Amino acid sequence: MTTVRRLAILLCGYEILRKSDSTRGRGERFVFASPISAYLLELTSGYLLVDTGVNSAILRDPALLAAYYTGRNWTPPIVQLAHELLPQLAQLGVNPQDITDVFLTHMHMDHTGNLRQFQHASIHVQRREHEYATTAGHAPAWFDIDYDLPALRWALHDGDWTFAPGVQALATYGHTPGHQSLLVTLPETGPVVLVGDVADLAENFAEQVLPGDASDDQQALASIRRINQIVDEHGAARFLCHDPAFVHSARLAPEWYS
């Protein structure tokens with residue numbers, strides 16, 4: 001039994017990466033545009049948003065752009081109007097106030113960028129991820145400006161947990177200290193795994209290649225193997241957040257998977 005009615009993939013922009021940022025030790029000379037994905041689940045009880053994309057206001061402000069990107073010698077992400085989160089939700093007939101819950105796979109900047117739009121919602125994240133993200137001295141890919149908001153309503157979790165029938169959170173630590181993924185059962189498509197950033201590319205899972213960066217390599221490899229096992233056991237599809245081959249061939253919002 002599942003309470004999920006349908007799922008939409010939201011393309012929220014692109015990051016310009018070296019391939020070795022996604023596949024450890026592979027492709028250091030190669031550069032590619034890595035899509036940034038978020039997901040909207042329509043359940044019988046309402047809407048659940050999975051990740052929130054990039055804070056494009058930073059990209060439009062010269063001082064913030066320098067502080068968060070160019071001053072660090074980082075290439076800013078590409079977020080065009082078609083990639084903005086709220087217009088995509090509007091195309092689906094969904095107002096931000098309709099979303100009662102937000103699930104964060106982790107708290108890197110390309111997943112927390114629009115949290116300010118959901119200060120009325122419950123923000124579900126692993127406790128250990130939240131603790132790291134709110135500790136002074138965390139790594140630079142966590143942008144405090146996105147989530148240091150007093151009104152945010154945090155719902156902190158430890159390990160695997162169930163959001164609703166057909167929506168199972170999976171502790172998949174390693175890419176970050178408290179990364180989590182989702183096993184979602186759709187009424188027609190069947191089970192899909194929203195892998196988040198366990199790994200970026202199909203190659204990571206097919207060949208068990210570590211991502212370019214991880215908080216814990218041993219946990220990161222174990223999480224890749226866990227996703228593979230769940231996919232095999234459930235006959236599930238992998239929905240890859242950052243894989244161009246997957247995202248560019250997928251049905252994107254305003255289309256739905258049911």
# chains A, B, ... in the order shown; residues from 1 in each chain; ligands from 1
$ residues_around --residues "A:Ser223" --least-positions-apart "4" --cutoff "12 Å" --atoms "only C-alpha atoms" --output "count of residues only"
32
$ closest_residue --among "A:Leu221, A:Ala151, A:Ala202, A:Leu89" --to "A:Ala121" --atoms "only C-alpha atoms"
A:Ala151
$ residues_around --residues "A:Pro77" --least-positions-apart "6" --cutoff "7 Å" --atoms "only C-alpha atoms" --output "list in words"
Gly13, Tyr14, Glu15 and Ile16 of chain A
$ write_last_selection --atoms "N, CA and C atoms" --output "compact mmCIF listing (two decimals), in the first residue's frame"
# COMPACT_ATOMS: atom_id res chain seq x y z
N GLY A 13 18.52 23.91 -12.22
CA GLY A 13 19.73 24.58 -12.68
C GLY A 13 20.84 23.59 -12.95
N TYR A 14 22.04 24.14 -13.10
CA TYR A 14 23.22 23.32 -13.42
C TYR A 14 24.43 23.82 -12.65
N GLU A 15 25.27 22.87 -12.24
CA GLU A 15 26.59 23.18 -11.71
C GLU A 15 27.63 22.77 -12.76
N ILE A 16 28.66 23.56 -12.91
CA ILE A 16 29.74 23.24 -13.84
C ILE A 16 30.85 22.57 -13.05
$ atom_distance --atom1 "atom CA of A:Pro140" --atom2 "atom CA of A:Gly113"
14.2 Å
$ closest_residue --among "A:Asp232, A:Glu203, A:Asp98, A:Glu255" --to "A:Lys19" --atoms "only C-alpha atoms"
A:Glu203
$ decode --residues "stretch 106-154 of chain A" --atoms "N, CA and C atoms" --output "JSON list (two decimals), in the first residue's frame"
[["chain", "number", "residue", "atom", "x", "y", "z"],
["A", 106, "HIS", "N", 20.37, 16.25, 2.19],
["A", 106, "HIS", "CA", 21.48, 16.78, 2.98],
["A", 106, "HIS", "C", 21.44, 18.29, 2.84],
["A", 107, "MET", "N", 22.41, 18.98, 3.41],
["A", 107, "MET", "CA", 22.30, 20.43, 3.52],
["A", 107, "MET", "C", 23.37, 21.18, 2.73],
["A", 108, "HIS", "N", 23.88, 20.59, 1.66],
["A", 108, "HIS", "CA", 24.72, 21.33, 0.72],
["A", 108, "HIS", "C", 23.89, 22.43, 0.04],
["A", 109, "MET", "N", 24.59, 23.44, -0.47],
["A", 109, "MET", "CA", 23.95, 24.64, -1.00],
["A", 109, "MET", "C", 23.02, 24.39, -2.18],
["A", 110, "ASP", "N", 23.22, 23.33, -2.93],
["A", 110, "ASP", "CA", 22.35, 23.07, -4.07],
["A", 110, "ASP", "C", 21.11, 22.27, -3.68],
["A", 111, "HIS", "N", 20.89, 22.12, -2.38],
["A", 111, "HIS", "CA", 19.72, 21.41, -1.88],
["A", 111, "HIS", "C", 18.90, 22.24, -0.89],
["A", 112, "THR", "N", 19.48, 23.32, -0.38],
["A", 112, "THR", "CA", 18.83, 24.13, 0.65],
["A", 112, "THR", "C", 18.47, 25.54, 0.19],
["A", 113, "GLY", "N", 18.68, 25.85, -1.10],
["A", 113, "GLY", "CA", 18.66, 27.23, -1.55],
["A", 113, "GLY", "C", 17.34, 27.96, -1.42],
["A", 114, "ASN", "N", 16.22, 27.24, -1.39],
["A", 114, "ASN", "CA", 14.92, 27.90, -1.30],
["A", 114, "ASN", "C", 14.18, 27.59, 0.00],
["A", 115, "LEU", "N", 14.90, 27.19, 1.03],
["A", 115, "LEU", "CA", 14.25, 26.88, 2.30],
["A", 115, "LEU", "C", 13.47, 28.07, 2.86],
["A", 116, "ARG", "N", 13.92, 29.29, 2.55],
["A", 116, "ARG", "CA", 13.24, 30.47, 3.08],
["A", 116, "ARG", "C", 11.78, 30.54, 2.63],
["A", 117, "GLN", "N", 11.44, 29.85, 1.55],
["A", 117, "GLN", "CA", 10.06, 29.85, 1.06],
["A", 117, "GLN", "C", 9.16, 28.89, 1.83],
["A", 118, "PHE", "N", 9.75, 28.10, 2.74],
["A", 118, "PHE", "CA", 8.99, 27.03, 3.39],
["A", 118, "PHE", "C", 9.12, 27.09, 4.91],
["A", 119, "GLN", "N", 9.10, 28.31, 5.45],
["A", 119, "GLN", "CA", 9.26, 28.47, 6.90],
["A", 119, "GLN", "C", 8.00, 28.06, 7.66],
["A", 120, "HIS", "N", 6.93, 27.76, 6.93],
["A", 120, "HIS", "CA", 5.70, 27.25, 7.53],
["A", 120, "HIS", "C", 5.70, 25.72, 7.61],
["A", 121, "ALA", "N", 6.63, 25.07, 6.91],
["A", 121, "ALA", "CA", 6.62, 23.61, 6.75],
["A", 121, "ALA", "C", 7.55, 22.95, 7.76],
["A", 122, "SER", "N", 7.38, 21.64, 7.92],
["A", 122, "SER", "CA", 8.33, 20.84, 8.70],
["A", 122, "SER", "C", 9.48, 20.45, 7.79],
["A", 123, "ILE", "N", 10.72, 20.71, 8.25],
["A", 123, "ILE", "CA", 11.92, 20.44, 7.46],
["A", 123, "ILE", "C", 12.58, 19.18, 8.02],
["A", 124, "HIS", "N", 12.51, 18.09, 7.28],
["A", 124, "HIS", "CA", 12.97, 16.79, 7.75],
["A", 124, "HIS", "C", 14.43, 16.57, 7.32],
["A", 125, "VAL", "N", 15.29, 16.31, 8.28],
["A", 125, "VAL", "CA", 16.71, 16.13, 8.00],
["A", 125, "VAL", "C", 17.28, 15.21, 9.08],
["A", 126, "GLN", "N", 18.36, 14.55, 8.77],
["A", 126, "GLN", "CA", 19.04, 13.74, 9.78],
["A", 126, "GLN", "C", 19.66, 14.65, 10.84],
["A", 127, "ARG", "N", 19.52, 14.24, 12.08],
["A", 127, "ARG", "CA", 20.03, 15.03, 13.20],
["A", 127, "ARG", "C", 21.52, 15.33, 13.04],
["A", 128, "ARG", "N", 22.28, 14.33, 12.63],
["A", 128, "ARG", "CA", 23.72, 14.51, 12.54],
["A", 128, "ARG", "C", 24.09, 15.47, 11.41],
["A", 129, "GLU", "N", 23.28, 15.52, 10.35],
["A", 129, "GLU", "CA", 23.50, 16.50, 9.28],
["A", 129, "GLU", "C", 23.24, 17.91, 9.79],
["A", 130, "HIS", "N", 22.13, 18.08, 10.49],
["A", 130, "HIS", "CA", 21.78, 19.39, 11.04],
["A", 130, "HIS", "C", 22.83, 19.87, 12.03],
["A", 131, "GLU", "N", 23.30, 18.96, 12.88],
["A", 131, "GLU", "CA", 24.32, 19.34, 13.86],
["A", 131, "GLU", "C", 25.60, 19.81, 13.17],
["A", 132, "TYR", "N", 26.01, 19.09, 12.12],
["A", 132, "TYR", "CA", 27.22, 19.51, 11.41],
["A", 132, "TYR", "C", 27.00, 20.85, 10.72],
["A", 133, "ALA", "N", 25.86, 21.01, 10.06],
["A", 133, "ALA", "CA", 25.60, 22.23, 9.28],
["A", 133, "ALA", "C", 25.50, 23.47, 10.15],
["A", 134, "THR", "N", 25.14, 23.29, 11.41],
["A", 134, "THR", "CA", 24.97, 24.44, 12.30],
["A", 134, "THR", "C", 26.13, 24.60, 13.27],
["A", 135, "THR", "N", 27.22, 23.88, 13.04],
["A", 135, "THR", "CA", 28.43, 24.00, 13.85],
["A", 135, "THR", "C", 29.42, 24.94, 13.18],
["A", 136, "ALA", "N", 29.98, 25.84, 13.93],
["A", 136, "ALA", "CA", 30.98, 26.76, 13.38],
["A", 136, "ALA", "C", 32.14, 25.96, 12.81],
["A", 137, "GLY", "N", 32.63, 26.40, 11.67],
["A", 137, "GLY", "CA", 33.77, 25.71, 11.06],
["A", 137, "GLY", "C", 33.40, 24.62, 10.10],
["A", 138, "HIS", "N", 32.11, 24.47, 9.77],
["A", 138, "HIS", "CA", 31.73, 23.47, 8.78],
["A", 138, "HIS", "C", 32.34, 23.82, 7.42],
["A", 139, "ALA", "N", 32.38, 22.86, 6.53],
["A", 139, "ALA", "CA", 32.98, 23.05, 5.21],
["A", 139, "ALA", "C", 32.17, 24.07, 4.39],
["A", 140, "PRO", "N", 32.79, 24.69, 3.37],
["A", 140, "PRO", "CA", 32.14, 25.80, 2.68],
["A", 140, "PRO", "C", 30.94, 25.45, 1.82],
["A", 141, "ALA", "N", 30.71, 24.19, 1.49],
["A", 141, "ALA", "CA", 29.56, 23.85, 0.65],
["A", 141, "ALA", "C", 28.23, 23.94, 1.39],
["A", 142, "TRP", "N", 28.27, 24.15, 2.69],
["A", 142, "TRP", "CA", 27.08, 24.41, 3.49],
["A", 142, "TRP", "C", 26.93, 25.93, 3.62],
["A", 143, "PHE", "N", 25.86, 26.50, 3.10],
["A", 143, "PHE", "CA", 25.64, 27.95, 3.10],
["A", 143, "PHE", "C", 24.67, 28.32, 4.23],
["A", 144, "ASP", "N", 25.22, 28.86, 5.31],
["A", 144, "ASP", "CA", 24.37, 29.23, 6.45],
["A", 144, "ASP", "C", 23.24, 30.18, 6.06],
["A", 145, "ILE", "N", 23.50, 31.04, 5.08],
["A", 145, "ILE", "CA", 22.50, 32.02, 4.66],
["A", 145, "ILE", "C", 21.20, 31.35, 4.23],
["A", 146, "ASP", "N", 21.27, 30.11, 3.79],
["A", 146, "ASP", "CA", 20.09, 29.41, 3.30],
["A", 146, "ASP", "C", 19.24, 28.83, 4.43],
["A", 147, "TYR", "N", 19.87, 28.47, 5.54],
["A", 147, "TYR", "CA", 19.12, 27.74, 6.57],
["A", 147, "TYR", "C", 19.23, 28.33, 7.97],
["A", 148, "ASP", "N", 20.02, 29.39, 8.15],
["A", 148, "ASP", "CA", 20.10, 30.04, 9.46],
["A", 148, "ASP", "C", 18.93, 31.01, 9.58],
["A", 149, "LEU", "N", 17.74, 30.43, 9.66],
["A", 149, "LEU", "CA", 16.49, 31.18, 9.69],
["A", 149, "LEU", "C", 15.71, 30.75, 10.93],
["A", 150, "PRO", "N", 15.52, 31.65, 11.89],
["A", 150, "PRO", "CA", 14.93, 31.25, 13.18],
["A", 150, "PRO", "C", 13.55, 30.61, 13.07],
["A", 151, "ALA", "N", 12.79, 30.95, 12.03],
["A", 151, "ALA", "CA", 11.43, 30.43, 11.93],
["A", 151, "ALA", "C", 11.35, 29.02, 11.34],
["A", 152, "LEU", "N", 12.46, 28.50, 10.81],
["A", 152, "LEU", "CA", 12.40, 27.15, 10.23],
["A", 152, "LEU", "C", 12.02, 26.13, 11.29],
["A", 153, "ARG", "N", 11.17, 25.21, 10.90],
["A", 153, "ARG", "CA", 10.65, 24.19, 11.83],
["A", 153, "ARG", "C", 11.35, 22.87, 11.52],
["A", 154, "TRP", "N", 12.40, 22.58, 12.27],
["A", 154, "TRP", "CA", 13.21, 21.40, 12.00],
["A", 154, "TRP", "C", 12.58, 20.15, 12.60]]
